[in-house]
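What follows is a short report on a single structure.
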Amino acid sequence: MNRLKTHQKVRPWTSLLGKLLKLIAQQIEPLQLGKLFEQLQVEAAGKDPRIGAYAIEYNNPQALCFFIDIHPIFQSLVARYPRHSTLQFLDIGPAFGAASGLIAQMYRSDFLGPRLEVSVLDITDERRAFIELSYPIVNFIHRPIEMLAKEQVWDLVYCSNAIEHLIDPAAFIEKVLQHTRGFALFLAPYMEDPPLSLDHKSRIGEHLFKGFPVEQIKIFNSAAWPTTAEGLERKQILAVLRGGAAF
């Protein structure tokens, strides 16, 4: 079973508190309740409210746009599986979880194809509260990929704009494929011109994926990765690799 049990055991009073909160929520106008929820999201993102504002106004829109850009390819991969099956999906380095939240909602039934059980894997626990509040059907796993058990494998793995932060992205990709049954999708800035963006340590291009089982590679423009103020055009690369884990 891939969904690691990361939540604490539900305490007896939790059910009573939930009923009380539901009664209170029923007395609040939906619009005001929605605004309150967004305030809770901002607070859950971190002590500094600027972190929550950044998540909602910048990071989440960017993450959503990246996934929308590659969704036709993602859907074509999902369509290879039986419609009424259930697949395990993992997002590595999910930021504030917007893409995973969208995927979990889109594929929570078999209306669009196989149902996906969505998990996210992050080396930091700082965004857990935001993700669990915003996307309660997404399972949060806090640990580096090196600490996953060998039997922990997923049908589809998604890693968006993370590998460029690594000094040795090839070693990371190899490790990811060991936990991938079907396909792993890697999205990253394409051949950034020096100096690299803040915290980026590697230039990602087709050369990185030589020697790996490549299904397809696509280079594309994205509104989420626009031309710089200096007029430098930027692109993204999507590499779809076949997994190395046994079925």
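In the structure tokens, the first chain shown is A, the next is B, and so on; residue numbers restart at 1 for each chain, and ligands run from 1 in the order shown.
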
Determine, counting only C-alpha atoms, which protein, DNA and RNA residues have an atom within 6 Å of an atom of Leu241 in chain A; residues of the same chain fewer than 3 positions away are not included. Present the result as a PyMOL selection string.
-> chain A and resi 183-184+213-215

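Omitting Ile92 in chain A and its sequence neighbours fewer than 3 positions away, and counting only C-alpha atoms, the residues within 9 Å are Ala95, Ser119, Val120, Leu121, Asp122, Ile145, Val157, Tyr158, Cys159, Ser160 and Ala162 of chain A.
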
Residues of range 93-239 of chain A in strand (DSSP E or B), written as a PyMOL selection string = chain A and resi 115-122+139-142+154-160+180-190+204+214-220+236-239

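Using only C-alpha atoms, the nearest neighbour of Ile219 in chain A within the list A:Glu126, A:Asp193, A:Glu146, A:Asp69 is A:Asp69.
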
In Å and to one decimal, CA of Pro49 in chain A is distant from CA of Ala229 in chain A by 27.2 Å

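Picture a line from CA of Pro144 in chain A to CA of Ala171 in chain A; it runs 13.5 Å.
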
List the neighbours of Ile73 in chain A out to 10 Å using only C-alpha atoms; skip same-chain residues closer than 5 positions along the sequence, and give me the result as an NGL selection string.
-> :A and (67-68 or 78-79 or 185 or 216 or 218 or 238 or 240)

List the neighbours of range 128-130 of chain A out to 9 Å using only C-alpha atoms; skip same-chain residues closer than 2 positions along the sequence, and give me the result as number ranges by chain.
-> A: 40-46, 52, 96-97, 122, 124-126, 132-135, 140-142
